[in-house]
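Have a look at query-v1.txt below; it lists compact mmCIF, C-alpha atoms.
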```txt
# COMPACT_ATOMS: atom_id res chain seq x y z
CA MET A 293 -8.60 -11.03 -24.26
CA THR A 294 -9.55 -10.38 -20.64
CA ARG A 295 -6.60 -9.90 -18.30
CA THR A 296 -7.15 -10.64 -14.65
CA PRO A 297 -4.97 -9.10 -11.88
CA ILE A 298 -2.96 -12.28 -11.64
CA THR A 299 -1.84 -13.20 -15.12
CA ARG A 300 1.27 -14.61 -16.71
CA ARG A 301 1.94 -11.19 -18.15
CA PHE A 302 1.75 -9.46 -14.76
CA LEU A 303 3.89 -12.09 -13.09
CA GLY A 304 6.44 -11.84 -15.87
CA VAL A 305 6.61 -8.06 -15.54
CA ALA A 306 6.85 -8.33 -11.76
CA ALA A 307 9.65 -10.87 -12.01
CA LEU A 308 11.55 -8.70 -14.46
CA ALA A 309 11.05 -5.60 -12.29
CA MET A 310 12.16 -7.59 -9.26
CA SER A 311 15.38 -8.77 -10.88
CA LEU A 312 16.21 -5.30 -12.18
CA GLY A 313 15.18 -3.59 -8.95
CA LEU A 314 17.14 -5.88 -6.67
CA ALA A 315 20.18 -5.64 -8.89
CA ALA A 316 20.03 -1.87 -8.67
CA CYS A 317 19.34 -1.93 -4.95
CA GLY A 318 21.71 -4.55 -3.66
CA LYS A 319 23.91 -5.23 -6.71
CA GLY A 320 23.18 -8.92 -6.24
CA GLU A 321 24.69 -9.19 -2.78
CA GLU A 322 22.79 -9.65 0.47
CA LYS A 323 23.81 -7.59 3.47
CA ALA A 324 24.74 -9.63 6.52
CA PRO A 325 21.89 -9.56 9.06
CA GLY A 326 22.47 -8.79 12.73
CA ALA A 327 25.58 -6.66 12.40
CA ALA A 328 25.28 -2.88 12.63
CA PRO A 329 25.10 -1.70 8.99
CA THR A 330 27.17 1.13 7.63
CA GLU A 331 24.28 2.19 5.42
CA ILE A 332 20.49 1.85 5.54
CA THR A 333 18.34 1.42 2.45
CA PHE A 334 14.76 2.68 2.80
CA SER A 335 12.16 1.31 0.39
CA ILE A 336 9.38 3.44 -1.06
CA LEU A 337 6.60 2.45 -3.42
CA SER A 338 6.69 4.84 -6.35
CA ALA A 339 4.73 4.02 -9.46
CA GLU A 340 6.20 7.03 -11.25
CA GLY A 341 9.75 6.65 -9.99
CA GLN A 342 12.20 8.83 -8.14
CA ALA A 343 11.33 11.99 -10.07
CA SER A 344 7.91 12.25 -8.41
CA SER A 345 8.51 10.71 -4.98
CA GLY A 346 12.15 11.64 -4.42
CA PRO A 347 11.61 15.33 -3.59
CA LEU A 348 8.89 14.41 -1.08
CA TRP A 349 10.82 11.72 0.80
CA GLN A 350 14.42 12.92 0.55
CA PRO A 351 14.18 15.60 3.27
CA LEU A 352 12.83 13.03 5.73
CA LEU A 353 15.55 10.52 4.80
CA ASP A 354 18.21 13.20 5.25
CA ASP A 355 16.83 13.96 8.71
CA MET A 356 16.73 10.26 9.50
CA SER A 357 20.38 9.86 8.51
CA LYS A 358 21.40 12.67 10.85
CA ALA A 359 19.32 11.27 13.71
CA ILE A 360 20.57 7.69 13.56
CA GLY A 361 24.17 8.44 12.54
CA VAL A 362 24.07 6.15 9.50
CA PRO A 363 23.64 7.17 5.84
CA VAL A 364 20.13 6.42 4.52
CA LYS A 365 19.50 5.99 0.81
CA PRO A 366 16.12 5.48 -0.89
CA TYR A 367 15.05 2.52 -2.98
CA PHE A 368 12.08 3.26 -5.25
CA GLY A 369 10.13 0.15 -6.21
CA SER A 370 7.44 0.06 -8.87
CA ASN A 371 5.27 -2.59 -7.20
CA TYR A 372 4.70 -4.21 -3.82
CA THR A 373 6.19 -7.58 -4.74
CA VAL A 374 9.53 -5.96 -5.51
CA LEU A 375 9.56 -4.17 -2.15
CA VAL A 376 8.73 -7.28 -0.12
CA GLU A 377 11.38 -9.31 -1.94
CA ALA A 378 13.94 -6.54 -1.45
CA MET A 379 13.40 -6.66 2.30
CA ARG A 380 13.34 -10.46 2.34
CA GLY A 381 16.78 -10.50 0.75
CA ASN A 382 18.03 -7.81 3.17
CA HIS A 383 18.61 -5.44 0.27
CA THR A 384 16.46 -2.96 2.20
CA GLN A 385 16.27 -2.70 5.98
CA VAL A 386 13.51 -0.12 6.52
CA GLY A 387 10.49 0.73 4.42
CA TRP A 388 7.17 2.50 3.99
CA PHE A 389 4.51 -0.10 3.17
CA SER A 390 0.77 0.00 2.75
CA ALA A 391 -1.11 -2.39 4.98
CA LYS A 392 -1.37 -5.61 2.94
CA PRO A 393 2.28 -5.56 1.81
CA GLU A 394 3.15 -4.92 5.46
CA VAL A 395 1.52 -8.24 6.31
CA GLU A 396 3.46 -9.89 3.49
CA ALA A 397 6.72 -8.36 4.73
CA ILE A 398 6.03 -9.56 8.29
CA ASP A 399 5.17 -13.08 7.17
CA ARG A 400 7.85 -13.50 4.54
CA ALA A 401 10.58 -10.89 4.99
CA LYS A 402 11.47 -10.83 8.72
CA ALA A 403 9.85 -7.42 9.14
CA GLU A 404 8.26 -5.78 12.15
CA VAL A 405 6.10 -2.68 12.47
CA ILE A 406 7.50 0.29 14.38
CA ALA A 407 5.00 3.01 13.45
CA ARG A 408 1.87 3.78 11.48
CA THR A 409 1.13 6.95 9.57
CA VAL A 410 -1.42 9.59 10.59
CA ASN A 411 -2.78 11.88 7.89
CA ARG A 412 -3.04 15.65 7.99
CA GLU A 413 -6.57 15.45 9.40
CA GLY A 414 -5.38 13.26 12.27
CA LEU A 415 -6.79 10.01 10.90
CA ASP A 416 -4.84 6.74 10.84
CA SER A 417 -7.09 5.20 8.20
CA TYR A 418 -8.04 5.89 4.58
CA GLN A 419 -10.55 4.54 2.06
CA SER A 420 -10.60 2.59 -1.14
CA THR A 421 -12.66 4.13 -3.94
CA LEU A 422 -14.16 3.30 -7.30
CA ILE A 423 -13.71 6.03 -9.91
CA VAL A 424 -15.24 6.85 -13.31
CA LYS A 425 -14.91 9.67 -15.81
CA LYS A 426 -17.00 12.64 -14.72
CA GLY A 427 -20.13 12.94 -16.82
CA SER A 428 -19.90 9.36 -18.11
CA GLY A 429 -23.22 8.40 -16.54
CA ILE A 430 -21.67 5.25 -15.07
CA THR A 431 -23.17 4.52 -11.65
CA LEU A 432 -22.37 1.88 -9.06
CA ASP A 433 -25.58 0.03 -9.89
CA LYS A 434 -24.58 -0.10 -13.56
CA VAL A 435 -21.12 -1.40 -12.63
CA LEU A 436 -22.52 -4.13 -10.39
CA ALA A 437 -25.01 -5.13 -13.10
CA CYS A 438 -22.00 -6.58 -14.95
CA GLY A 439 -22.86 -7.73 -18.47
CA LYS A 440 -19.28 -7.29 -19.71
CA GLN A 441 -19.99 -3.74 -20.83
CA TYR A 442 -17.14 -1.90 -19.07
CA ASN A 443 -13.34 -1.96 -19.17
CA PHE A 444 -12.16 -2.23 -15.56
CA GLY A 445 -8.87 -1.21 -13.94
CA ILE A 446 -7.95 -3.03 -10.74
CA GLY A 447 -4.87 -2.45 -8.58
CA ASP A 448 -1.66 -4.34 -7.95
CA ALA A 449 -2.50 -7.83 -6.70
CA GLN A 450 -0.85 -6.90 -3.36
CA SER A 451 -2.55 -3.51 -3.09
CA THR A 452 -4.71 -2.98 -0.01
CA SER A 453 -6.98 -0.32 -1.49
CA GLY A 454 -6.58 -1.23 -5.15
CA THR A 455 -7.54 -4.90 -4.87
CA LEU A 456 -8.09 -6.33 -1.38
CA ALA A 457 -10.56 -3.74 -0.04
CA PRO A 458 -12.80 -3.50 -3.13
CA MET A 459 -12.85 -7.29 -3.43
CA THR A 460 -13.74 -7.68 0.25
CA PHE A 461 -16.23 -4.86 0.72
CA LEU A 462 -17.75 -4.54 -2.75
CA PHE A 463 -17.38 -7.49 -5.09
CA ASN A 464 -17.13 -10.59 -2.87
CA ALA A 465 -20.03 -9.42 -0.75
CA ARG A 466 -22.22 -9.45 -3.88
CA GLY A 467 -20.80 -12.53 -5.56
CA VAL A 468 -19.21 -10.45 -8.33
CA VAL A 469 -16.12 -11.89 -10.07
CA PRO A 470 -14.41 -9.09 -12.02
CA SER A 471 -13.15 -11.36 -14.80
CA GLN A 472 -16.74 -12.52 -15.41
CA CYS A 473 -18.35 -9.13 -14.85
CA PHE A 474 -16.35 -6.76 -17.04
CA LYS A 475 -15.43 -6.60 -20.71
CA THR A 476 -11.73 -6.43 -19.85
CA VAL A 477 -9.79 -6.31 -16.57
CA ARG A 478 -6.31 -4.84 -16.35
CA SER A 479 -4.01 -4.50 -13.35
CA ALA A 480 -2.13 -1.24 -12.83
CA ASN A 481 -1.13 1.21 -10.12
CA HIS A 482 -3.50 3.93 -8.89
CA GLN A 483 -1.92 6.68 -10.97
CA ALA A 484 -2.15 4.69 -14.20
CA ASN A 485 -5.74 3.69 -13.48
CA ALA A 486 -6.74 7.29 -12.72
CA PHE A 487 -5.14 8.48 -15.96
CA GLY A 488 -6.89 5.67 -17.85
CA VAL A 489 -10.27 6.69 -16.46
CA ALA A 490 -9.71 10.41 -17.14
CA THR A 491 -8.71 9.75 -20.75
CA GLY A 492 -11.41 7.16 -21.43
CA VAL A 493 -9.06 4.22 -21.90
CA ILE A 494 -10.86 2.40 -19.10
CA ASP A 495 -14.37 3.00 -17.84
CA VAL A 496 -14.09 2.31 -14.13
CA ALA A 497 -11.17 1.63 -11.79
CA THR A 498 -10.15 1.24 -8.17
CA SER A 499 -8.32 4.05 -6.42
CA ASN A 500 -8.11 5.47 -2.89
CA SER A 501 -8.66 8.67 -0.95
CA VAL A 502 -4.92 9.34 -0.66
CA ASN A 503 -4.45 9.12 -4.42
CA THR A 504 -7.36 11.53 -4.85
CA ILE A 505 -5.53 14.11 -2.73
CA PHE A 506 -2.25 13.70 -4.63
CA ILE A 507 -3.91 13.94 -8.03
CA ARG A 508 -5.81 17.04 -6.95
CA ARG A 509 -2.55 18.61 -5.81
CA GLU A 510 -0.30 17.52 -8.68
CA ASN A 511 -2.69 17.52 -11.64
CA PRO A 512 -5.95 19.38 -10.91
CA GLN A 513 -7.05 19.22 -14.55
CA LEU A 514 -6.88 15.44 -14.43
CA ALA A 515 -8.66 15.39 -11.07
CA ASP A 516 -11.51 17.45 -12.52
CA GLN A 517 -12.24 14.65 -15.00
CA ILE A 518 -12.73 11.97 -12.31
CA GLU A 519 -15.50 11.26 -9.83
CA GLU A 520 -16.01 8.62 -7.14
CA ILE A 521 -19.01 6.28 -7.23
CA TRP A 522 -18.10 4.10 -4.23
CA VAL A 523 -16.13 4.58 -1.02
CA SER A 524 -15.08 1.72 1.28
CA PRO A 525 -15.21 1.59 5.07
CA PRO A 526 -12.00 2.90 6.71
CA ILE A 527 -8.92 0.70 6.29
CA PRO A 528 -5.64 0.95 8.25
CA GLU A 529 -3.14 3.45 6.93
CA SER A 530 0.39 2.62 5.81
CA GLY A 531 3.22 1.95 8.24
CA ILE A 532 6.97 1.91 8.72
CA VAL A 533 8.61 -1.50 9.01
CA VAL A 534 12.15 -2.61 9.81
CA ARG A 535 13.85 -5.94 9.54
CA GLU A 536 13.52 -7.65 12.92
CA ASP A 537 17.16 -8.78 12.86
CA LEU A 538 18.48 -5.22 12.45
CA ASP A 539 21.01 -4.18 15.10
CA PRO A 540 18.83 -3.54 18.20
CA ALA A 541 20.44 -0.22 19.11
CA LEU A 542 20.02 1.10 15.58
CA LYS A 543 16.45 -0.19 15.42
CA GLU A 544 15.57 1.81 18.53
CA LYS A 545 17.14 4.93 17.06
CA ILE A 546 15.00 4.49 13.95
CA ARG A 547 11.88 3.92 16.04
CA SER A 548 12.58 7.02 18.13
CA PHE A 549 13.20 9.10 15.01
CA PHE A 550 9.80 8.34 13.51
CA LEU A 551 7.83 8.65 16.74
CA THR A 552 9.29 12.08 17.53
CA TYR A 553 9.51 13.47 14.00
CA GLY A 554 7.60 16.74 13.62
CA GLN A 555 6.66 16.83 17.29
CA GLY A 556 7.28 19.59 19.82
CA GLU A 557 7.81 23.30 19.32
CA GLY A 558 10.36 25.51 17.61
CA PRO A 559 11.68 26.12 14.09
CA GLU A 560 13.06 22.60 13.62
CA ALA A 561 9.80 20.91 14.58
CA GLU A 562 7.93 23.29 12.28
CA ARG A 563 10.27 22.48 9.39
CA GLN A 564 9.74 18.77 9.96
CA ARG A 565 5.97 19.25 9.98
CA LYS A 566 6.25 20.87 6.54
CA VAL A 567 8.12 17.78 5.33
CA LEU A 568 5.33 15.60 6.69
CA ALA A 569 2.70 17.82 5.08
CA GLY A 570 4.28 17.20 1.71
CA LEU A 571 3.65 13.49 2.27
CA GLU A 572 0.10 14.28 3.47
CA TYR A 573 0.98 13.16 7.02
CA SER A 574 0.85 14.90 10.40
CA ARG A 575 2.92 12.38 12.39
CA PHE A 576 3.92 8.76 12.88
CA ALA A 577 2.14 6.95 15.71
CA ALA A 578 3.49 4.03 17.74
CA ALA A 579 2.17 0.71 16.46
CA ASP A 580 2.85 -3.00 16.41
CA ASP A 581 1.68 -5.83 14.16
CA SER A 582 -1.75 -6.02 15.82
CA TYR A 583 -2.94 -2.88 14.02
CA LEU A 584 -2.92 -4.97 10.85
CA ASN A 585 -5.41 -7.55 12.15
CA PRO A 586 -8.27 -5.98 10.11
CA ILE A 587 -6.15 -6.58 7.00
CA ARG A 588 -5.53 -10.17 8.05
CA GLU A 589 -9.31 -10.57 8.39
CA MET A 590 -9.77 -9.33 4.85
CA ILE A 591 -7.07 -11.68 3.56
CA ALA A 592 -8.65 -14.65 5.35
CA ASP A 593 -12.06 -13.76 3.94
CA GLN A 594 -10.58 -13.53 0.45
CA LYS A 595 -8.88 -16.91 0.83
CA ARG A 596 -12.11 -18.46 2.06
CA GLY A 597 -14.00 -17.19 -0.96
CA GLU A 598 -11.32 -18.38 -3.38
CA ALA A 599 -11.22 -21.83 -1.76
CA GLU A 600 -15.01 -22.15 -1.86
CA ALA A 601 -15.02 -21.19 -5.56
CA LYS A 602 -12.51 -23.99 -6.23
CA GLY A 603 -14.38 -26.53 -4.15
CA ASP A 604 -11.45 -26.74 -1.75
CA LYS A 605 -13.28 -27.64 1.46
CA ALA A 606 -10.12 -27.99 3.54
CA GLY A 607 -8.79 -24.64 2.39
CA ALA A 608 -12.12 -22.95 3.00
CA ALA A 609 -12.34 -24.44 6.50
CA ALA A 610 -8.81 -23.31 7.36
CA ALA A 611 -9.50 -19.78 6.13
CA ALA A 612 -12.81 -19.68 8.03
CA ALA A 613 -11.07 -20.79 11.22
CA GLU A 614 -8.44 -18.06 10.82
CA LEU A 615 -11.14 -15.49 10.16
CA GLN A 616 -12.98 -16.53 13.32
CA ARG A 617 -9.77 -16.37 15.35
CA LEU A 618 -9.07 -12.82 14.17
CA ARG A 619 -12.63 -11.73 14.81
CA SER A 620 -12.49 -13.11 18.35
CA LEU A 621 -9.36 -11.03 18.96
CA ARG A 622 -11.23 -7.94 17.87
CA GLU A 623 -14.17 -8.72 20.12
CA VAL A 624 -12.01 -8.91 23.27
CA GLN A 625 -10.08 -5.71 22.55
CA PRO A 626 -11.10 -2.73 24.72
```
Go ahead and render the structure in this file as structure tokens.
Amino acid sequence: MTRTPITRRFLGVAALAMSLGLAACGKGEEKAPGAAPTEITFSILSAEGQASSGPLWQPLLDDMSKAIGVPVKPYFGSNYTVLVEAMRGNHTQVGWFSAKPEVEAIDRAKAEVIARTVNREGLDSYQSTLIVKKGSGITLDKVLACGKQYNFGIGDAQSTSGTLAPMTFLFNARGVVPSQCFKTVRSANHQANAFGVATGVIDVATSNSVNTIFIRRENPQLADQIEEIWVSPPIPESGIVVREDLDPALKEKIRSFFLTYGQGEGPEAERQRKVLAGLEYSRFAAADDSYLNPIREMIADQKRGEAEAKGDKAGAAAAAAELQRLRSLREVQP
């Protein structure tokens, strides 16, 4: 049975993860918005849990706690839906989100962008990729030929690089519908998809350039079994968001912390830069919601295609109008 990215099974798992995650994070009680909190909860996407991501993020969170004068604890979520819902319920107040979930958090969870990440090479963008097992002989042309001959791993439905970018730049542009193209389609995080490709469980999967770096660093033997057959145009990097109703003074302390972290000279700045290097970042750059407009364009284009496939003329027209509005904004930017 073919499983598309949005299936009853996925939604059931997401709902279960959400209920368990929010219970662990907020113990079922929402924190009152507006008032200065006595504790900040920082959300982090971690497909493999605290054991893998905790050591990388904890030094930064400890530094953040000292800088803002409020204890900061991490909340590790297994998928994007859980993280957006956690912020919507005020169970988390600050978070690291990739671009598409950032848009979701802004639209649905009273979030605002305070910074965007810059990688170790100084870039504030990354790329979606398509990966196969090295030596498999699978090429991009063979993948796009369809014929239901390959098992395909796609990303979380809310993933920028795992789903939105490959659909926008690769499949939609060629009229390819994964559920009709491949033998099976399964939705999983980047790490699971990479492992599936390396071990032959799936033939081809989406990934991204950041995941490639982490796999190469953490599991070089696994990395040696994978090769890329497609790379997307640059897409905006992840960002830091806060709830917009957070105490204004505390919000500014948080903003200042990220924008100055690892900057300047001296032993402390050098130590902070080592923390950032562990996360594959060089700094956090000032940003607002407008940096996500390219993502909103991709979302509008996806909605237009879905509406056209359903024969929904009104929905297609609305999505096309939104796409044109966003493109006009880009054209007038310096």
Q: Counting all atoms listed in the file, write as a list in words all protein and nucleic acid residues lying at most 9 Å from (23.5, 6.1, 10.2) in the file's frame.
A: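 Final list of nearby residues, as requested, is Pro329, Thr330, Glu331, Ile332, Met356, Ser357, Lys358, Ala359, Ile360, Gly361, Val362, Pro363, Val364 and Leu542 of chain A.
The nearest approach to Gly454 of chain A among the residues A:Asn411, A:Ser338, A:Ser420, A:Thr476, with only C-alpha atoms taken into account, belongs to A:Ser420.
Using all atoms listed in the file, the shortest contact distance between Tyr573 of chain A and any of A:Glu614, A:Glu413, A:Glu377, A:Asp537 is found at A:Glu413.
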**Q.** Interatomic distance (Å, one decimal) between atom CA of Ser417 of chain A and atom CA of Glu562 of chain A
**A.**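 Atom-to-atom, atom CA of Ser417 of chain A and atom CA of Glu562 of chain A are spaced 23.9 Å apart.
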Q. Quick one, how far is atom CA of Leu615 of chain A from atom CA of Asn464 of chain A?
A.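 Going from atom CA of Leu615 of chain A over to atom CA of Asn464 of chain A covers 15.2 Å.
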Write out as a PDB file with C-alpha atoms, keeping the file's coordinate frame which residues come within 6 Å of segment 514-530 of chain A when counting only C-alpha atoms, dropping same-chain ones fewer than 6 positions away.
```pdb
ATOM      1  CA  PHE A 389       4.510  -0.100   3.170  1.00  0.00           C
ATOM      2  CA  SER A 390       0.770   0.000   2.750  1.00  0.00           C
ATOM      3  CA  ALA A 391      -1.110  -2.390   4.980  1.00  0.00           C
ATOM      4  CA  ARG A 408       1.870   3.780  11.480  1.00  0.00           C
ATOM      5  CA  THR A 409       1.130   6.950   9.570  1.00  0.00           C
ATOM      6  CA  ASP A 416      -4.840   6.740  10.840  1.00  0.00           C
ATOM      7  CA  SER A 417      -7.090   5.200   8.200  1.00  0.00           C
ATOM      8  CA  TYR A 418      -8.040   5.890   4.580  1.00  0.00           C
ATOM      9  CA  GLN A 419     -10.550   4.540   2.060  1.00  0.00           C
ATOM     10  CA  SER A 420     -10.600   2.590  -1.140  1.00  0.00           C
ATOM     11  CA  THR A 421     -12.660   4.130  -3.940  1.00  0.00           C
ATOM     12  CA  LEU A 422     -14.160   3.300  -7.300  1.00  0.00           C
ATOM     13  CA  ILE A 423     -13.710   6.030  -9.910  1.00  0.00           C
ATOM     14  CA  VAL A 424     -15.240   6.850 -13.310  1.00  0.00           C
ATOM     15  CA  LYS A 425     -14.910   9.670 -15.810  1.00  0.00           C
ATOM     16  CA  LYS A 426     -17.000  12.640 -14.720  1.00  0.00           C
ATOM     17  CA  LEU A 432     -22.370   1.880  -9.060  1.00  0.00           C
ATOM     18  CA  ALA A 490      -9.710  10.410 -17.140  1.00  0.00           C
ATOM     19  CA  ILE A 507      -3.910  13.940  -8.030  1.00  0.00           C
ATOM     20  CA  ARG A 508      -5.810  17.040  -6.950  1.00  0.00           C
TER      21      ARG A 508
END
```
(Q) Under the rule that all atoms listed in the file are counted, which of A:Gly346, A:Gly556, A:Pro512, A:Pro470 is the nearest residue to Phe368 of chain A? (A) A:Gly346
Q: Find, counting all atoms listed in the file, the residue in A:Val469, A:Gly369, A:Ala457, A:Leu415 that gets nearest to Leu436 of chain A.
A: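 Between A:Val469, A:Gly369, A:Ala457, A:Leu415, the residue approaching Leu436 of chain A most closely is A:Val469.
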Q) Distance atom CA of Phe444 of chain A-atom CA of Lys475 of chain A, one decimal place? A)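 These atoms are spaced 7.5 Å apart.
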Produce the centre coordinates and the three edge lengths, each in Å to one decimal, of the box along x, y and z that contains all listed atoms of segment 500-509 of chain A with 6 Å added on each side, as JSON.
```
{"center_x": -5.5, "center_y": 12.0, "center_z": -4.3, "size_x": 18.4, "size_y": 25.1, "size_z": 19.4}
```
Q: Give me the residues within 12 Å of Ala561 of chain A as a count of residues only, counting all atoms listed in the file and dropping any in the same chain fewer than 6 places off.
A: 9
Q. Using all atoms listed in the file, which residue out of A:Val502, A:Asn485, A:Val386, A:Arg466 lies closest to Leu571 of chain A?
A.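 Checking each candidate against Leu571 of chain A, we get A:Val502 as the closest.
The residue that comes closest to Ser370 of chain A, out of A:Ile430, A:Ala480, A:Ala437, A:Leu352 and on the basis of all atoms listed in the file, is A:Ala480.
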Kindly assemble as JSON lines a list of the segment 450-488 of chain A residues that lie within 10 Å of segment 597-605 of chain A, each paired with its nearest atom pair and their distance in Å to one decimal, using all atoms listed in the file, sorted first by chain and then by ascending residue number.
```
{"residue": "A:Thr460", "atom": "CA", "partner": "A:Gly597", "partner_atom": "CA", "distance": 9.6}
{"residue": "A:Asn464", "atom": "CA", "partner": "A:Gly597", "partner_atom": "CA", "distance": 7.6}
{"residue": "A:Ala465", "atom": "CA", "partner": "A:Gly597", "partner_atom": "CA", "distance": 9.8}
{"residue": "A:Gly467", "atom": "CA", "partner": "A:Gly597", "partner_atom": "CA", "distance": 9.4}
```
